[in-house]
Amino acid sequence: MYNSRLASIGAYLPSASMSTPELLARMEKAPEFDLFKITGMAERRVADDTGDRPEDCLTMAVSAARECLGRSRYAADEIDIVISCSISRTTDGRRHQFEPSFARRIAGEIGADRAIHFDVSNACAGMMTGVYLLDRMIRSGEVRSGLVLSGEHITPIAFTAAREMEDSRDPQFASLSVGDSAVAVLVDRATDDADVIHDIELMTCSEYSHLCLGMPSDDTGDLAMYTNNKEMHAEDRLALWPAFHRDRLADDGRRFADEGYDFVVQHQVGSRFIDYMNHVGESTFGTPMPESLSVVEQFANTATTSHYLVLHQALMERRIPRGSKILMVPAASGVVTGFLSATVSSLEV
Amino acid sequence: MATVITSTALSPADETGSAIGYAASAGSACLRRAGLTPADVDVLINVGVYRDSNVSEPSVAALIQKRIGINLDYLHATDRHAAFSFDLMNGACGVLNAVQAGGSLLVAGSARRVLVVSADTHPSMDPARAGTAAFPYASTGAALLLERSDDARGFGRVHHRSLPGGHGVNGYLPLYEAGSEGRNTIAVDRDSGVVERMLDLAVDSVRDALAAEYGAEAAQAPTALDRTLLITSQPSHDFASRLSKRLGLAADAAVTVEGLKGDPHTSALTYGFTQARDSGRLAGHDRILFLAVGAGLSSATSLYRLTGDPEGAVR
């Protein structure tokens, strides 16, 4: 059995940013809440898909893929597999694509013509699911290298919310918290312990699958998301991660405190959510959490890309010393939880 | 050791038009036939493409998982058996991508059983709008259960091929044009002559797969497909028989799915396999060549080894 590693990473961020007051100014009904105080989000990037060189899920994913490949030792036609993981999947002038797969179109654009390709859709755990599958396909010897990527033009759900929402108790409230981006990671066979994915384990607790639904709006149109925040973030939901993580480690006779995690990346739902998740982890595992990395203030919740965007930005800011062990914790509609831990040394931005 | 199909089921015909319902009923029946319960599933993969109300989040798989009753709430379950689910989308080829990815989960020890479900529907969930010129896909679903065999039975490698040029088939929700009708709207554009291009790709894909399995010389032999049943995607009702003809085989060397209004799309291979098994057509065959051709254009092909007693290979 082989191990896999995060071999290179690339990202694309639209140049246009929108501040939280600018977003709230688009609301039809004046907000009675302080979005910055609730989420810690000061701004988010917003793709423009109307220009001559449109920014959409496809173009952003292709840009991230090219940057990622440029930092790797692979040419596009040497990649064994391309897995696209976005929720929004819009291109060609706001067409939400079902087939061919987005992965096929991306592979075609970058010249990965002999690559296996398919899309994964798993809400905000999409890229985590893509890396999980690629890790297992590398472990089994099925493939040697692959790209997991997502172009996420998700801010249209924020604008649908701004047109339609009543107040902070509205099911579209959480839709105000998203931002646009694309991230690509290249995963290949590990050659040493300096760069290796140690664990990636995921679980779906389907009792709560109806608590956050993305679908077209039947009111003013375009994509929308409806979330029961109270139930979604109930104590029992948030306790799923540490229970699952603790049990999986215990299966191997391991303990969280002994794992030596240097950083933790929670899903970028908002600053309060991140603090709360770290608090839940601390009390369940009975040990302090490692340093928590976040981009929530600057880039908001970028859905499928969020953990990898945090990693990309932290690498860019030289915040991650060589040999660091990073823990990522997904939290997605489904509900999906789990954990990824990886040591990174050669990963550079 | 290989990945083997240990159970399959088709969704019963009903008028709900719900892909979630079709996949869940097929998945539940598939488990019952295998003598298993929902707690026996480790990973659920949904390969359906066209879904109820064009839902994009959560995965349709999570909604199907709930209907089947797999890992509802880990915290409050007595046995704490975790399970995971996700959507894997690649048009008609998705089911073979799931076989390949699911096979790796089995080999890596991440799962003992992978349940692959598929279902498509017009997003309006109006069955009258399915299987039409505007939306050629049948409103139906299917399920197959994958496990590791302890002998040579099962899937060989999955081979892939893609053609440059037009996508052939383009399925999308035009958000601007749909306005407030986005939950009921879908467009499926098919290039003229796409079935001809799919046949060309299918022929090349069969030859590639045979060459990879048997070597270039043996693959050329007219006997290369002896005792091999072809189970294919069904982009047109005569696709299977036309492919047989193009390969120089008898018209019934490939399975034509019967009894549906429209293309079974992501469920086509499971339909073909189940109908062939239930009608006794696996008898006299040692192998199945699974072949899917779909939008992209892309193809996926895999040779499946049956035992001498096919009924023993599939419960």
# chains A, B, ... in the order shown; residues from 1 in each chain; ligands from 1
$ select_by_dssp --residues "segment 35-247 of chain A" --states "helix (DSSP H, G or I)" --output "MDAnalysis selection string"
chainID A and resid 35:39 57:70 76:78 102:110 126:139 156:164 173:177 206:208 229:232 235:238 240:247
$ closest_atom_pairs --of "chain A" --to "chain B" --cutoff "6 Å" --atoms "only C-alpha atoms" --output "JSON lines"
{"residue": "A:Arg94", "atom": "CA", "partner": "B:Leu175", "partner_atom": "CA", "distance": 5.8}
{"residue": "A:Arg95", "atom": "CA", "partner": "B:Pro174", "partner_atom": "CA", "distance": 4.5}
{"residue": "A:His96", "atom": "CA", "partner": "B:Leu173", "partner_atom": "CA", "distance": 5.0}
{"residue": "A:Gln97", "atom": "CA", "partner": "B:Tyr172", "partner_atom": "CA", "distance": 4.4}
{"residue": "A:Phe98", "atom": "CA", "partner": "B:Tyr172", "partner_atom": "CA", "distance": 5.3}
{"residue": "A:Glu99", "atom": "CA", "partner": "B:Gly171", "partner_atom": "CA", "distance": 4.9}
{"residue": "A:Pro100", "atom": "CA", "partner": "B:Ala295", "partner_atom": "CA", "distance": 4.7}
{"residue": "A:Ser101", "atom": "CA", "partner": "B:Asn90", "partner_atom": "CA", "distance": 5.1}
{"residue": "A:Phe118", "atom": "CA", "partner": "B:Asn90", "partner_atom": "CA", "distance": 5.1}
{"residue": "A:Asp119", "atom": "CA", "partner": "B:Met89", "partner_atom": "CA", "distance": 4.9}
{"residue": "A:Val120", "atom": "CA", "partner": "B:Leu88", "partner_atom": "CA", "distance": 4.7}
{"residue": "A:Ser121", "atom": "CA", "partner": "B:Asp87", "partner_atom": "CA", "distance": 5.0}
{"residue": "A:Asn122", "atom": "CA", "partner": "B:Ser59", "partner_atom": "CA", "distance": 4.7}
{"residue": "A:Ala123", "atom": "CA", "partner": "B:Pro58", "partner_atom": "CA", "distance": 5.0}
{"residue": "A:Arg136", "atom": "CA", "partner": "B:Ser104", "partner_atom": "CA", "distance": 5.7}
{"residue": "A:Met137", "atom": "CA", "partner": "B:Ser104", "partner_atom": "CA", "distance": 5.2}
{"residue": "A:Ser140", "atom": "CA", "partner": "B:Ser104", "partner_atom": "CA", "distance": 5.5}
{"residue": "A:Met203", "atom": "CA", "partner": "B:Phe84", "partner_atom": "CA", "distance": 4.4}
{"residue": "A:Thr204", "atom": "CA", "partner": "B:Phe84", "partner_atom": "CA", "distance": 4.7}
{"residue": "A:Cys205", "atom": "CA", "partner": "B:Leu72", "partner_atom": "CA", "distance": 4.9}
{"residue": "A:Ser206", "atom": "CA", "partner": "B:Leu72", "partner_atom": "CA", "distance": 4.8}
{"residue": "A:Glu207", "atom": "CA", "partner": "B:Leu72", "partner_atom": "CA", "distance": 4.4}
{"residue": "A:Ser209", "atom": "CA", "partner": "B:Leu63", "partner_atom": "CA", "distance": 5.8}
{"residue": "A:Leu213", "atom": "CA", "partner": "B:Glu57", "partner_atom": "CA", "distance": 5.2}
{"residue": "A:Gly214", "atom": "CA", "partner": "B:Glu57", "partner_atom": "CA", "distance": 4.5}
{"residue": "A:Met215", "atom": "CA", "partner": "B:Val55", "partner_atom": "CA", "distance": 4.5}
{"residue": "A:Pro216", "atom": "CA", "partner": "B:Gly182", "partner_atom": "CA", "distance": 5.2}
{"residue": "A:Asp218", "atom": "CA", "partner": "B:Ser180", "partner_atom": "CA", "distance": 4.4}
{"residue": "A:Asp219", "atom": "CA", "partner": "B:Ser180", "partner_atom": "CA", "distance": 5.4}
{"residue": "A:Thr220", "atom": "CA", "partner": "B:Ser180", "partner_atom": "CA", "distance": 5.5}
{"residue": "A:Gly221", "atom": "CA", "partner": "B:Ser180", "partner_atom": "CA", "distance": 4.2}
{"residue": "A:Asp222", "atom": "CA", "partner": "B:Leu175", "partner_atom": "CA", "distance": 5.5}
{"residue": "A:Ser333", "atom": "CA", "partner": "B:Pro58", "partner_atom": "CA", "distance": 5.1}
{"residue": "A:Gly334", "atom": "CA", "partner": "B:Pro58", "partner_atom": "CA", "distance": 5.3}
$ write_last_selection --atoms "C-alpha atoms" --output "short mmCIF file (atom, residue, chain, number, x, y, z; two decimals), in the first residue's frame"
data_model
loop_
_atom_site.label_atom_id
_atom_site.label_comp_id
_atom_site.auth_asym_id
_atom_site.auth_seq_id
_atom_site.Cartn_x
_atom_site.Cartn_y
_atom_site.Cartn_z
CA ARG A 94 -24.76 31.06 -16.18
CA ARG A 95 -25.52 27.55 -17.26
CA HIS A 96 -25.49 25.10 -14.34
CA GLN A 97 -23.78 22.12 -15.95
CA PHE A 98 -24.83 18.47 -15.52
CA GLU A 99 -23.03 16.73 -18.40
CA PRO A 100 -20.40 16.37 -19.71
CA SER A 101 -18.62 16.41 -16.37
CA PHE A 118 -15.32 12.69 -13.06
CA ASP A 119 -17.12 15.21 -10.87
CA VAL A 120 -17.74 14.81 -7.18
CA SER A 121 -20.62 16.64 -5.56
CA ASN A 122 -20.71 16.60 -1.78
CA ALA A 123 -21.65 20.12 -0.67
CA ARG A 136 -7.48 5.69 -1.81
CA MET A 137 -6.87 5.32 -5.56
CA SER A 140 -4.52 0.91 -4.03
CA MET A 203 -18.63 10.30 7.41
CA THR A 204 -22.15 11.34 6.42
CA CYS A 205 -24.92 11.39 9.05
CA SER A 206 -27.92 11.47 6.78
CA GLU A 207 -30.63 12.17 9.38
CA SER A 209 -29.43 15.84 5.06
CA LEU A 213 -30.60 22.60 0.60
CA GLY A 214 -29.14 24.32 -2.47
CA MET A 215 -31.45 24.62 -5.49
CA PRO A 216 -32.81 27.24 -7.87
CA ASP A 218 -38.69 29.65 -7.28
CA ASP A 219 -39.13 33.31 -6.38
CA THR A 220 -36.65 35.60 -8.15
CA GLY A 221 -34.64 32.88 -9.90
CA ASP A 222 -30.94 31.90 -10.03
CA SER A 333 -24.45 19.71 4.35
CA GLY A 334 -25.29 16.00 4.40
#
$ atom_distance --atom1 "atom CA of Leu269 of chain B" --atom2 "atom CA of Leu147 of chain A"
27.6 Å
$ atom_distance --atom1 "atom CA of Ser86 of chain A" --atom2 "atom CA of Ala224 of chain A"
15.1 Å
$ atom_distance --atom1 "atom CA of Pro14 of chain A" --atom2 "atom CA of Arg319 of chain A"
23.0 Å
$ select_by_dssp --residues "segment 39-174 of chain B" --states "strand (DSSP E or B)" --output "PyMOL selection string"
chain B and resi 43-46+57+84-90+92+114-120+137+140-148+154-162+169-174
$ closest_residue --among "B:Ser233, B:Thr121, B:Thr307, B:Ser205" --to "Lys261 of chain B" --atoms "only C-alpha atoms"
B:Thr121
$ residues_around --residues "Tyr132 of chain A" --least-positions-apart "5" --cutoff "9 Å" --atoms "only C-alpha atoms" --output "list in words"
Met127, Met137, Ile200, Glu201, Leu202 and Leu340 of chain A
$ decode --residues "segment 112-190 of chain A" --atoms "C-alpha atoms" --output "mmCIF file, in the first residue's frame"
data_model
loop_
_atom_site.group_PDB
_atom_site.id
_atom_site.type_symbol
_atom_site.label_atom_id
_atom_site.label_comp_id
_atom_site.auth_asym_id
_atom_site.auth_seq_id
_atom_site.Cartn_x
_atom_site.Cartn_y
_atom_site.Cartn_z
ATOM 1 C CA ALA A 112 -4.951 16.411 -19.569
ATOM 2 C CA ASP A 113 -6.400 14.366 -22.399
ATOM 3 C CA ARG A 114 -5.569 10.892 -21.164
ATOM 4 C CA ALA A 115 -6.727 11.542 -17.611
ATOM 5 C CA ILE A 116 -9.620 9.714 -15.979
ATOM 6 C CA HIS A 117 -12.173 12.377 -15.116
ATOM 7 C CA PHE A 118 -15.323 12.695 -13.059
ATOM 8 C CA ASP A 119 -17.119 15.205 -10.866
ATOM 9 C CA VAL A 120 -17.744 14.813 -7.179
ATOM 10 C CA SER A 121 -20.615 16.642 -5.559
ATOM 11 C CA ASN A 122 -20.708 16.602 -1.778
ATOM 12 C CA ALA A 123 -21.654 20.118 -0.665
ATOM 13 C CA CYS A 124 -18.809 21.946 1.103
ATOM 14 C CA ALA A 125 -16.989 18.628 1.642
ATOM 15 C CA GLY A 126 -16.499 18.320 -2.138
ATOM 16 C CA MET A 127 -12.738 18.846 -2.338
ATOM 17 C CA MET A 128 -12.248 16.817 0.841
ATOM 18 C CA THR A 129 -14.179 13.980 -0.851
ATOM 19 C CA GLY A 130 -12.082 14.329 -4.013
ATOM 20 C CA VAL A 131 -8.849 14.106 -2.010
ATOM 21 C CA TYR A 132 -10.260 11.129 -0.074
ATOM 22 C CA LEU A 133 -10.993 9.224 -3.301
ATOM 23 C CA LEU A 134 -7.675 10.140 -4.878
ATOM 24 C CA ASP A 135 -5.806 9.115 -1.708
ATOM 25 C CA ARG A 136 -7.482 5.686 -1.808
ATOM 26 C CA MET A 137 -6.869 5.322 -5.556
ATOM 27 C CA ILE A 138 -3.174 6.103 -4.979
ATOM 28 C CA ARG A 139 -3.012 3.746 -1.981
ATOM 29 C CA SER A 140 -4.518 0.909 -4.027
ATOM 30 C CA GLY A 141 -2.129 1.537 -6.922
ATOM 31 C CA GLU A 142 -4.973 2.425 -9.307
ATOM 32 C CA VAL A 143 -3.399 5.811 -10.161
ATOM 33 C CA ARG A 144 -0.157 7.629 -9.335
ATOM 34 C CA SER A 145 -1.150 11.287 -9.536
ATOM 35 C CA GLY A 146 -4.184 13.488 -9.913
ATOM 36 C CA LEU A 147 -5.696 16.921 -9.650
ATOM 37 C CA VAL A 148 -8.535 17.660 -7.246
ATOM 38 C CA LEU A 149 -9.995 21.057 -7.914
ATOM 39 C CA SER A 150 -13.003 23.286 -7.635
ATOM 40 C CA GLY A 151 -14.032 26.550 -9.227
ATOM 41 C CA GLU A 152 -16.731 27.982 -7.044
ATOM 42 C CA HIS A 153 -18.807 30.913 -8.338
ATOM 43 C CA ILE A 154 -21.178 30.753 -5.408
ATOM 44 C CA THR A 155 -21.909 34.447 -4.646
ATOM 45 C CA PRO A 156 -25.100 34.399 -6.767
ATOM 46 C CA ILE A 157 -26.753 32.641 -3.784
ATOM 47 C CA ALA A 158 -25.830 35.661 -1.631
ATOM 48 C CA PHE A 159 -27.480 37.986 -4.153
ATOM 49 C CA THR A 160 -30.588 35.759 -4.287
ATOM 50 C CA ALA A 161 -30.701 35.992 -0.480
ATOM 51 C CA ALA A 162 -30.275 39.774 -0.625
ATOM 52 C CA ARG A 163 -33.254 40.030 -3.007
ATOM 53 C CA GLU A 164 -35.505 37.667 -1.098
ATOM 54 C CA MET A 165 -34.702 37.490 2.614
ATOM 55 C CA GLU A 166 -36.962 38.811 5.336
ATOM 56 C CA ASP A 167 -34.695 38.965 8.408
ATOM 57 C CA SER A 168 -31.853 37.166 10.187
ATOM 58 C CA ARG A 169 -34.132 34.181 10.918
ATOM 59 C CA ASP A 170 -34.690 33.668 7.191
ATOM 60 C CA PRO A 171 -33.487 30.276 5.835
ATOM 61 C CA GLN A 172 -31.332 32.173 3.312
ATOM 62 C CA PHE A 173 -29.333 33.995 6.007
ATOM 63 C CA ALA A 174 -26.325 31.651 5.692
ATOM 64 C CA SER A 175 -26.205 32.373 1.944
ATOM 65 C CA LEU A 176 -24.852 35.861 2.740
ATOM 66 C CA SER A 177 -21.624 34.284 4.003
ATOM 67 C CA VAL A 178 -20.137 32.941 0.761
ATOM 68 C CA GLY A 179 -17.290 34.107 -1.462
ATOM 69 C CA ASP A 180 -15.868 33.087 -4.847
ATOM 70 C CA SER A 181 -12.568 31.319 -5.545
ATOM 71 C CA ALA A 182 -10.934 28.338 -7.164
ATOM 72 C CA VAL A 183 -8.305 26.011 -5.726
ATOM 73 C CA ALA A 184 -6.501 23.020 -7.227
ATOM 74 C CA VAL A 185 -4.333 20.504 -5.383
ATOM 75 C CA LEU A 186 -2.094 17.934 -6.980
ATOM 76 C CA VAL A 187 -1.935 14.708 -4.998
ATOM 77 C CA ASP A 188 0.579 12.001 -5.866
ATOM 78 C CA ARG A 189 2.471 9.075 -4.361
ATOM 79 C CA ALA A 190 4.443 10.014 -1.243
#
